[in-house]
Each structure stands twice: as structure tokens, then as C-alpha cells.
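Quick notes on the structure that follows.
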Amino acid sequence: MEGMIAIWQRDVLKFFRDRARLFGSFVMPVLFLLIFGEGLSGTMESLVMSGVEGEENFQYVKFVFPGIVAMTILMTAVFSSLSIIQDKEFGYMKEIMVSPISRVYIALGKMLGASTVAFIQGVMMFLLIPFLGIRYDFINLIKVLPFMFLLACTLASVGLLIASLLKSTQGFQLIVQIIVMPMVFLSGALFPVSNMPGWMDIIVKLNPITYGVDIMKKVMIDVDSLSPLIREIMGLNLTIFQRPLSIMEEVLFMIIFTTVLILLATLSFRRANS
Amino acid sequence: MENMIEVRNLHKKYKDHHAVKNISFDVKKGEIFGFLGPNGAGKSTTIHMICTMLAPTSGSIMINGYDAVKQKNKVRESIGIIFQENTLDEKLTAWENLMLHCKFYKVPKSERKTRIQEVLEIVDLVHEKNKRVETFSGGMKRRLEIARGLLHYPKVLFLDEPTVGLDPQTRAHIWEYILRLKEKQGITMFLTTHYLDEAEISDRIGIMDKGEIITINSPAALKKEIGGDIIELSTAEHQATIATIKKDDNIIDVTDHGDVIHIKVQNSDAFVTQFIKQLDVPIRTLNIRKPTLNDVFLAFTGENIHKTEEKEA
Ligand SMILES: Nc1ncnc2c1ncn2[C@@H]1O[C@H](COP(=O)(O)OP(=O)(O)OP(=O)(O)O)[C@@H](O)[C@H]1O
Ligand SMILES: [Mg+2]
């Protein structure tokens with residue numbers, strides 16, 4: 001157990017020492033915020049305001065922002081898992097693997113390291129809220145934190161499994177592009193995914209980010225007070241088998257998903273010889 | 001229990017390449033066991049299997065009474081290892097690297113500070129403890145790795161080429177530390193090196209070549225085994241000298257090394273006094289010596305270890 005905490009602390013400590021990484025990981029989300037938030041908001045807002053009676057202060061950015069935060073978490077979580085491959089390349093993984101720490105704890109320690117870093121980055125995104133001209137209830141921002149951490153764990157476990165199977169950084173970049181980018185686009189983080197063709201809809205529903213983003217939106221934006229049409233347009237009525245999903249169910253799905261991935265990564269560590 | 005390590009019929013196959021071929025040997029409690037062999041002999045592969053880092057294709061390994069395949073965690077607790085390549089976290093300080101190791105090996109909290117201080121003193125890095133490892137020289141890194149390997153008081157310490165790439169002075173220092181350790185803590189040591197003079201400190205040496213162990217014995221016994229004394233001779237007339245030597249019945253072996261002829265005989269004193277009388281060409285140099293481990297290595301592997309070094313570079 002202490003070994004797990006030590007592995008976890010090491011990755012967090014190293015993150016704070018690496019200033020370039022700290023700021024570098026903000027570039028992409030801010031860019032997306034500009035494109036999807038500012039760029040699209042004119043169109044979206046006039047669309048909504050012309051369609052819905054009495055919706056004068058609809059702000060598109062308010063709906064996109066949680067998705068962008070989720071994306072920040074995703075990027076950071078997955079790229080922090082890269083530290084496993086770097087540890088392999090620089091030899092430190094041998095020091096970890098030859099020690100008597102149980103392999104589950106190695107997997108958990110690495111996963112928690114990456115998710116803590118991702119969570120911190122996600123929270124730091126909140127600092128942008130005043131500059132975007134939007135407002136969220138402070139209580140809601142506090143309430144969403146545990147869900148953000150859960151999402152970070154889920155995504156870190158994806159990165160963990162990929163990294164545990166690979167030996168080189170190049171392979172990782174490629175897999176990230178093939179797996180992670182589609183996961184972002186088919187999650188509702190950047191645009192609503194409520195009216196997708198059948199096969200895409202299956203991916204959307206199997207994608208754990210979908211649920212993370214959905215929870216974040218539900219908690220941050222007071223969904224119940226919105227008119228049904230806005231919920232429809234903004235894709236805030238996620239259903240599975242024509243049944244609306246509760247936050248509890250979504251959380252459960254993410255926990256199961258994360259557990260399975262961590263177990264697979266543990267197996268891969270157990271098998272790994274060197 | 002007499003033996004710290006017992007290896008039986010250990011075999012490792014990589015795809016179609018047999019890196020270690022059915023080897024068996026023991027390492028006694030408290031001894032320094034030297035493992036020699038040319039590049040690619042299978043030394044590191046053997047160490048990795050003993051240290052639970054690599055699954056053997058077949059065979060069994062017992063360390064400190066535990067099975068290296070079935071009781072991995074018990075074995076991991078019993079051993080310390082200095083890998084052939086660097087495994088420090090260079091972004092962290094020396095002290096942080098050591099503290100992490102204490103946590104990985106569950107060193108009792110109350111003892112951590114004193115133990116870290118103790119190992120830092122052994123390797124002379126007390127004043128550098130708060131510097132990042134990336135600022136260290138090669139020798140300092142190596143010393144820090146050795147210190148780290150000792151933190152959890154292992155029963156066996158594996159050192160895979162601990163002095164590779166270091167200058168002679170640093171190498172001498174490191175061996176000094178290692179010997180001091182052995183005296184103080186009675187740790188069993190398993191080491192590999194390409195510097196044969198360093199292997200002299202071993203109680204026993206195993207020579208490995210192409211995946212097989214060719215011989216195991218004490219350095220003195222190995223030298224005795226290849227026998228006799230070696231006379232290095234160069235004369236004004238090389239070929240004529242060789243012809244004369246070959247007529248002599250007392251010689252065991254003659255090898256031609258360009259200008260110098262190596263003559264191996266049972267007793268150099270008797271041979272030289274006799275031989276000089278027969279030789280009618282002027283002698284340029286004459287040097288008599290006992291066999292070194294390099295001669296042993298040469299005799300067993302048919303290779304000069306310095307040549308294999310060059311190949312590597
Ligand atoms: N992961 C691997 N896959 C395939 N072959 C390997 C692997 N690791 C080592 N080998 C091969 O096994 C043989 C033994 O390698 P090993 O590293 O054990 O040699 P060594 O005696 O330690 O040599 P050196 O003195 O260079 O360190 C070599 O021929 C090497 O190419
Ligand atoms: Mg080696």
C-alpha cells in the first residue's frame with residue numbers, strides 16, 4: 001500500500017517540477033475553447049434564441065466549457081500515463097518491477113498519479129471561467145469535483161493499459177491518435193452526439209467519456225431548469241435503450257470500466273518480464 | 001542452509017536463440033561470486049532470471065530458500081540489484097531516490113533516515129544528497145545506485161557490471177566500498193565485470209560462454225588449472241627462435257603474438273636457465289609471469305576479453 005502511495009506521489013511531484021508540461025497542456029484546450037466556444041457560439045445562440053421562446057440569455061460557451069474541461073482531463077490523463085513508457089525507457093521501471101510491491105499496487109499507483117495530475121489540470125481550467133463571461137454556481141463547481149476525479153481515473157486507466165503493453169514512446173503517440181481522438185469526438189465533449197447514425201451511437205454509448213461529460217454538464221449546468229428544447233439541442237438527454245440515465249448508473253459504468261482496465265494492466269505487469 | 005543461490009537446469013530461449021543453456025550452479029552464503037564471460041554470453045539474462053525479472057524457459061532457481069518463480073515477492077525482498085544500465089530517476093534528488101526505495105521495500109519508518117545517512121556515507125555522497133541526479137557524474141550515479149541497492153539490507157546483492165564506463169580511480173573506489181560492505185554486513189555478492197583484475201576479489205569465479213558455464217573455481221585454482229608459468233620472449237630472429245623452442249620437451253604451449261612469443265611451461269626457473277644456453281640469437285626482451293585471469297579467460301573461451309570489449313565499442 002505504501003509502495004502504491006510512493007509511486008503516486010512521485011508522479012505528482014514530477015508534474016509540479018516540470019513547468020513546461022504544466023502550461024503546455026493548456027494550449028490545446030484553450031484552442032478548442034476558442035474554436036468551439038467563441039467560433040460556434042454566434043450560430044448556436046441565434047439558432048436557439050430564434051427557436052425557443054423567452055431564451056434571451058442562452059450562452060453556448062456555458063455548455064461547451066464542461067466538455068472542454070473533460071477534454072483537458074482526458075489529454076492530461078492519457079499523456080501522464082506516458083510516464084510509464086518513459087520509466088521503461090529510462091530504466092526506472094526496473095527499479096519498480098524488481099521491488100516487492102504487489103503488481104496491483106503498481107498499476108493503481110501509476111493510475112492515481114496520472115489521474116491526480118489530470119484532475120489538477122481540470123480544476124485549473126476553472127480559472128478561465130471569469131474570462132469567458134459565463135457563470136456557474138459555486139456549489140455546483142464543488143459538487144462536480146468528485147466526478148471529475150472519477151473521469152480522470154477512468155481515462156488514466158485507458159492510458160495505463162496502453163502504456164503497460166508498449167515499449168516505445170512512438171507507438172504510444174500513434175495509438176493515442178487512433179484511440180483517443182475518436183473518443184473525444186464521439187463523447188459529446190465538443191458537440192452534441194444525440195443524433196448519431198447507429199454504429200456511431202454504439203461507440204458513443206460504450207465510450208466512458210460520454211458519461212463523464214454528461215455528468216459534468218448535468219452537475220455544472222442546472223439541467224432541470226432548462227427548457228426541453230434546449231436540452232434536446234444541446235444533447236443533454238442521454239438515453240440507453242430509450243431510457244434516460246441517472247448519474248448513479250453513469251458512475252457505476254465508469255467504475256466498472258476503470259476496474260476492468262486496471263485489472264488488465266495488472267495482468268500485463270505480472271506477465272511483463274523486464 | 002549452506003547455499004544462498006541454487007540454480008538447476010536453467011534454460012532461456014528467445015524465439016529461436018538459446019541465450020542460457022541448461023546451467024546449474026550454487027552460490028554459497030557470504031561469498032563473492034564472480035560471473036565472467038564475453039559479450040552475449042548470457043550473464044545478464046541469467047541474473048534477470050534469478051532476480052524474477054525474466055521468466056525462465058525451464059529449470060529452477062532457489063534464493064535464500066525461496067523459489068524465484070513461485071515465490072517472487074519473497075525473493076524480491078531478499079535481493080538487491082544494480083542493473084547493467086542506469087535505473088535512477090534523474091529528475092529527483094539523491095535523497096528522494098533513496099526515500100522512494102525505502103517505501104518500495106517497506107523499510108520501517110523510524111529507520112529510514114538513519115539508513116539513508118548510513119548508505120550515503122558508505123558511498124561518500126552525503127553532501128550531494130539534495131542535488132538532482134541529472135547533475136551527477138557517471139561515477140556518482142553508479143555509487144548512488146549501489147547505495148540504493150543496500151538500503152533494504154538485502155541478503156544477496158547482484159552487481160551487473162557495476163564499474164562499466166568509469167575511470168580507474170572511481171572503479172577502485174567502488175570496489176573498496178563493495179569490499180567494505182562485505183566485511184561489515186556479510187552480504188552474499190554476485191557480480192559480473194569485464195575487467196578481469198576486478199574479478200580477483202571473488203571467492204569463486206564462474207566462466208560463461210555462449211550460454212553455458214564452462215568452469216567454476218576460485219581464482220587461484222583456475223590459474224593453477226591452466227597451469228605453469230608464462231614466458232614472454234622477443235628476439236632478433238623470431239622464426240628461428242620458434243623453431244628452437246618447439247624442439248624443447250618441457251614446454252606446454254607456444255603462441256605467436258607477432259613480435260612476442262608466449263611460452264607456457266611448468267617451471268619457469270628450470271626452463272629459462274636451460275633454454276638460454278641453447279638459444280644462439282640475441283634476446284631483446286624476456287618477461288616471466290604467473291598466469292592472470294586474462295590467461296584463464298583466454299584459455300577457456302578462446303577469446304581475449306579486451307578484444308570483446310573493442311567489439312562492443
Ligand atoms: N530480449 C531479448 N530478446 C532476444 N534476445 C535477447 C534478449 N536479451 C538478450 N538476448 C540475447 O541473449 C544473449 C545473451 O545476452 P546477455 O545480455 O545475457 O549477455 P551478457 O553476457 O550479459 O553480455 P554483456 O557482457 O554484453 O552484458 C545475447 O545473444 C543477446 O542478443
Ligand atoms: Mg550483460
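Within each chain, counting starts at residue 1; across the C-alpha cells, chains are named A, B, ... in the order shown, with ligands numbered 1 upward in that order.
Here the DSSP assignment of strand (DSSP E or B), based on backbone atoms, applies within range 176-254 of chain A to Thr239, Ile240, Arg243 and Pro244 of chain A.
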Residues of the last selection are to be written out with N, CA, C and O atoms, as a PDB file, in the first residue's frame.
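Contents of out_9.pdb, as written:
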```pdb
ATOM      1  N   THR A 239     -29.733   8.776 -23.422  1.00  0.00           N
ATOM      2  CA  THR A 239     -30.551   7.612 -23.072  1.00  0.00           C
ATOM      3  C   THR A 239     -29.828   6.352 -23.484  1.00  0.00           C
ATOM      4  O   THR A 239     -28.960   6.371 -24.352  1.00  0.00           O
ATOM      5  N   ILE A 240     -30.206   5.278 -22.851  1.00  0.00           N
ATOM      6  CA  ILE A 240     -29.705   3.991 -23.309  1.00  0.00           C
ATOM      7  C   ILE A 240     -30.905   3.070 -23.368  1.00  0.00           C
ATOM      8  O   ILE A 240     -31.702   2.999 -22.428  1.00  0.00           O
ATOM      9  N   ARG A 243     -34.054   4.764 -22.503  1.00  0.00           N
ATOM     10  CA  ARG A 243     -34.318   5.056 -21.098  1.00  0.00           C
ATOM     11  C   ARG A 243     -33.304   6.106 -20.639  1.00  0.00           C
ATOM     12  O   ARG A 243     -32.106   5.956 -20.875  1.00  0.00           O
ATOM     13  N   PRO A 244     -33.773   7.191 -19.994  1.00  0.00           N
ATOM     14  CA  PRO A 244     -32.804   8.179 -19.525  1.00  0.00           C
ATOM     15  C   PRO A 244     -31.919   7.589 -18.429  1.00  0.00           C
ATOM     16  O   PRO A 244     -32.344   6.737 -17.655  1.00  0.00           O
TER      17      PRO A 244
END
```
Give me, as a PyMOL selection string, the contact residues of chain B against chain A at a cut-off of 9 Å, counting only C-alpha atoms. chain B and resi 48+51-55+72-77+79-81+83+85-92+100-101+103-106
Check which residues fall inside 6 Å of ligand 1 when counting only C-alpha atoms and all ligand atoms, and print them as an MDAnalysis selection string. chainID B and resid 14 19 38:45
DSSP alpha helix (DSSP H) residues within range 94-215 of chain B, as a PyMOL selection string: chain B and resi 94-104+109-122+138-150+168-185+196-199
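Distances to Thr72 in chain A were evaluated for A:Pro228, A:Gly235, A:Pro146, A:Pro29 using only C-alpha atoms, and the minimum falls at A:Pro29.
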Report as JSON, numbers by chain all protein, DNA and RNA residues lying within 10 Å of range 127-133 of chain B, evaluated on only C-alpha atoms, omitting residues in the same chain fewer than 6 positions from it. {"B": [88, 89, 90, 91, 92, 93, 94, 95, 96, 97, 98, 116, 117, 120, 121, 140, 141, 144]}
Only N, CA, C and O atoms, please: the residues just picked out, written as a compact mmCIF listing (two decimals), in the first residue's frame.
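Generated output (out12.txt):
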```
# COMPACT_ATOMS: atom_id res chain seq x y z
N LEU B 88 18.13 5.03 -12.11
CA LEU B 88 17.78 6.08 -11.16
C LEU B 88 16.77 7.02 -11.81
O LEU B 88 16.68 7.09 -13.03
N ASP B 89 16.01 7.73 -10.98
CA ASP B 89 15.16 8.78 -11.52
C ASP B 89 15.96 10.07 -11.50
O ASP B 89 16.18 10.66 -10.46
N GLU B 90 16.40 10.50 -12.68
CA GLU B 90 17.32 11.63 -12.76
C GLU B 90 16.68 12.97 -12.41
O GLU B 90 17.38 13.92 -12.10
N LYS B 91 15.37 13.03 -12.50
CA LYS B 91 14.69 14.29 -12.18
C LYS B 91 14.54 14.49 -10.68
O LYS B 91 14.14 15.55 -10.22
N LEU B 92 14.79 13.45 -9.93
CA LEU B 92 14.67 13.56 -8.48
C LEU B 92 16.06 13.71 -7.85
O LEU B 92 17.07 13.42 -8.49
N THR B 93 16.09 14.11 -6.60
CA THR B 93 17.37 14.23 -5.91
C THR B 93 17.81 12.85 -5.42
O THR B 93 17.03 11.90 -5.42
N ALA B 94 19.08 12.79 -5.01
CA ALA B 94 19.63 11.53 -4.49
C ALA B 94 18.77 11.06 -3.31
O ALA B 94 18.38 9.90 -3.23
N TRP B 95 18.49 12.01 -2.43
CA TRP B 95 17.73 11.66 -1.23
C TRP B 95 16.34 11.14 -1.58
O TRP B 95 15.87 10.15 -1.03
N GLU B 96 15.69 11.78 -2.55
CA GLU B 96 14.34 11.34 -2.94
C GLU B 96 14.37 9.94 -3.55
O GLU B 96 13.49 9.12 -3.29
N ASN B 97 15.40 9.67 -4.34
CA ASN B 97 15.55 8.33 -4.91
C ASN B 97 15.66 7.29 -3.79
O ASN B 97 15.05 6.23 -3.86
N LEU B 98 16.44 7.61 -2.78
CA LEU B 98 16.65 6.66 -1.70
C LEU B 98 15.37 6.49 -0.87
O LEU B 98 15.00 5.38 -0.48
N ILE B 116 19.40 5.87 5.32
CA ILE B 116 19.79 6.68 4.17
C ILE B 116 21.14 7.35 4.45
O ILE B 116 22.05 7.32 3.62
N GLN B 117 21.26 7.90 5.65
CA GLN B 117 22.52 8.53 6.04
C GLN B 117 23.67 7.52 5.97
O GLN B 117 24.74 7.80 5.42
N LEU B 120 24.60 6.64 2.39
CA LEU B 120 25.23 7.80 1.74
C LEU B 120 26.68 7.94 2.20
O LEU B 120 27.56 8.30 1.43
N GLU B 121 26.90 7.63 3.47
CA GLU B 121 28.27 7.69 3.97
C GLU B 121 29.14 6.63 3.32
O GLU B 121 30.27 6.90 2.92
N MET B 140 29.26 9.07 -9.78
CA MET B 140 28.37 9.38 -8.66
C MET B 140 27.05 8.63 -8.80
O MET B 140 26.50 8.11 -7.83
N LYS B 141 26.55 8.55 -10.04
CA LYS B 141 25.29 7.83 -10.27
C LYS B 141 25.45 6.37 -9.88
O LYS B 141 24.58 5.79 -9.23
N LEU B 144 25.50 5.98 -6.24
CA LEU B 144 24.16 6.15 -5.67
C LEU B 144 23.33 4.88 -5.88
O LEU B 144 22.59 4.46 -5.00
```
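Atom pair CA of Pro130 in chain A / CA of Lys62 in chain A: separated by 11.5 Å.
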Among B:Thr193, B:Thr244, B:Ser268, B:Asn9, ligand 2 is approached most closely, using only C-alpha atoms and all ligand atoms, by B:Thr193
In terms of the shortest atom-to-atom distance over only C-alpha atoms, which of B:Val156, B:Ala243, B:Val27, B:Leu36 is closest to Gly186 in chain B? B:Val156
Extract, using only C-alpha atoms, all DNA, RNA and protein residues at most 12 Å from Glu183 in chain B, discarding same-chain residues fewer than 6 positions from it, and format them as a VMD selection string. chain B and resid 30 to 32 176 to 177 189
May I have the residues from that selection written out with N, CA and C atoms, as a PDB file, in the first residue's frame?
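Saved to part.pdb:
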```pdb
ATOM      1  N   GLY B  30      27.432 -15.803   1.885  1.00  0.00           N
ATOM      2  CA  GLY B  30      28.543 -14.946   2.306  1.00  0.00           C
ATOM      3  C   GLY B  30      29.690 -14.831   1.336  1.00  0.00           C
ATOM      4  N   GLU B  31      29.633 -15.528   0.212  1.00  0.00           N
ATOM      5  CA  GLU B  31      30.768 -15.439  -0.701  1.00  0.00           C
ATOM      6  C   GLU B  31      30.563 -14.354  -1.758  1.00  0.00           C
ATOM      7  N   ILE B  32      31.676 -13.983  -2.415  1.00  0.00           N
ATOM      8  CA  ILE B  32      31.593 -13.129  -3.589  1.00  0.00           C
ATOM      9  C   ILE B  32      31.741 -14.051  -4.790  1.00  0.00           C
ATOM     10  N   GLU B 176      36.354  -0.767  -3.369  1.00  0.00           N
ATOM     11  CA  GLU B 176      36.660  -0.561  -1.953  1.00  0.00           C
ATOM     12  C   GLU B 176      35.362  -0.569  -1.135  1.00  0.00           C
ATOM     13  N   TYR B 177      34.364   0.188  -1.639  1.00  0.00           N
ATOM     14  CA  TYR B 177      33.075   0.228  -0.940  1.00  0.00           C
ATOM     15  C   TYR B 177      32.462  -1.163  -0.862  1.00  0.00           C
ATOM     16  N   MET B 189      27.505 -11.747  -2.514  1.00  0.00           N
ATOM     17  CA  MET B 189      27.544 -10.902  -3.703  1.00  0.00           C
ATOM     18  C   MET B 189      27.716 -11.718  -4.961  1.00  0.00           C
TER      19      MET B 189
END
```
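Near range 132-144 of chain A, within 10 Å and counting only C-alpha atoms, sit Leu33, Leu34, Gly37, Glu38, Gln59, Tyr60, Val61, Lys62, Phe65, Pro66, Val123, Phe126, Ile215, Met216, Lys217, Lys218, Val219, Met220, Ile221 and Asp222 of chain A; same-chain residues fewer than 6 positions away were not included.
Reported to one decimal place, the separation of CA of Ala299 in chain B from CA of Ile178 in chain B is 28.6 Å.
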Tell me, as a PyMOL selection string, which residues lie within 12 Å of Ile63 in chain B, counting only C-alpha atoms; anything in the same chain fewer than 2 positions away does not count. chain B and resi 1-8+26-29+47+49-52+60-61+65-79+154-157+188+190
Prev. selection, C-alpha atoms, output as a compact mmCIF listing (two decimals), in the first residue's frame:
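Result file again_35.txt:
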```txt
# COMPACT_ATOMS: atom_id res chain seq x y z
CA MET B 1 21.27 -23.74 4.72
CA GLU B 2 24.64 -23.56 3.03
CA ASN B 3 23.77 -22.13 -0.34
CA MET B 4 22.30 -18.71 -0.90
CA ILE B 5 21.51 -19.41 -4.54
CA GLU B 6 20.83 -22.76 -6.18
CA VAL B 7 20.33 -22.84 -9.92
CA ARG B 8 19.30 -26.10 -11.56
CA ASP B 26 25.39 -22.78 -6.48
CA VAL B 27 26.42 -19.59 -4.74
CA LYS B 28 27.44 -20.08 -1.12
CA LYS B 29 26.25 -17.92 1.72
CA ILE B 47 20.86 -12.55 -13.47
CA MET B 49 16.01 -14.77 -14.27
CA ILE B 50 17.46 -15.14 -10.77
CA CYS B 51 16.06 -11.72 -9.86
CA THR B 52 12.50 -12.57 -11.02
CA SER B 60 14.55 -23.97 -11.13
CA ILE B 61 16.11 -21.22 -9.03
CA GLY B 65 15.32 -20.70 0.43
CA TYR B 66 12.63 -19.22 -1.83
CA ASP B 67 11.61 -20.25 -5.32
CA ALA B 68 12.28 -17.44 -7.82
CA VAL B 69 9.34 -18.50 -9.98
CA LYS B 70 6.70 -19.33 -7.37
CA GLN B 71 7.68 -17.00 -4.51
CA LYS B 72 8.63 -13.91 -6.43
CA ASN B 73 7.84 -11.45 -3.64
CA LYS B 74 9.88 -13.32 -1.04
CA VAL B 75 12.80 -13.39 -3.46
CA ARG B 76 12.37 -9.70 -4.27
CA GLU B 77 12.56 -8.84 -0.59
CA SER B 78 15.77 -10.83 -0.23
CA ILE B 79 17.76 -9.30 -3.06
CA PRO B 154 19.39 -7.49 1.08
CA LYS B 155 20.72 -10.98 1.69
CA VAL B 156 22.25 -11.08 -1.80
CA LEU B 157 23.47 -8.16 -3.84
CA THR B 188 26.48 -12.51 -0.44
CA PHE B 190 27.01 -11.95 -7.26
```
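When only C-alpha atoms and all ligand atoms are used to compute distances to ligand 2, the closest of the residues B:Ile82, B:Leu222, B:Leu293, B:Ala236 turns out to be B:Ile82.
From CA of Ser227 in chain A back to CA of Leu252 in chain A, the distance works out to 27.8 Å.
If you count only C-alpha atoms and ignore residues fewer than 4 places along the chain from Leu112 in chain A, what sits within 7 Å of it is Trp8, Leu108, Thr116 and Cys153 of chain A.
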Suppose we keep N, CA and C atoms; can you now write the selection as a PDB file, in the first residue's frame?
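What follows is the written file result00.pdb:
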```
ATOM      1  N   TRP A   8       2.572   6.982  -6.656  1.00  0.00           N
ATOM      2  CA  TRP A   8       1.605   8.050  -6.904  1.00  0.00           C
ATOM      3  C   TRP A   8       2.251   9.420  -6.637  1.00  0.00           C
ATOM      4  N   LEU A 108      -2.222   0.588  -9.736  1.00  0.00           N
ATOM      5  CA  LEU A 108      -3.029   1.615  -9.081  1.00  0.00           C
ATOM      6  C   LEU A 108      -2.230   2.894  -8.836  1.00  0.00           C
ATOM      7  N   THR A 116      -4.470  12.137 -10.757  1.00  0.00           N
ATOM      8  CA  THR A 116      -4.333  13.326  -9.905  1.00  0.00           C
ATOM      9  C   THR A 116      -3.847  14.517 -10.715  1.00  0.00           C
ATOM     10  N   CYS A 153      -9.708   9.149 -13.377  1.00  0.00           N
ATOM     11  CA  CYS A 153      -9.273   7.769 -13.106  1.00  0.00           C
ATOM     12  C   CYS A 153      -9.591   6.867 -14.291  1.00  0.00           C
TER      13      CYS A 153
END
```
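Using only C-alpha atoms and all ligand atoms, the smallest distance between any of B:Arg112, B:His238, B:His194, B:His152 and ligand 2 comes from B:His194.
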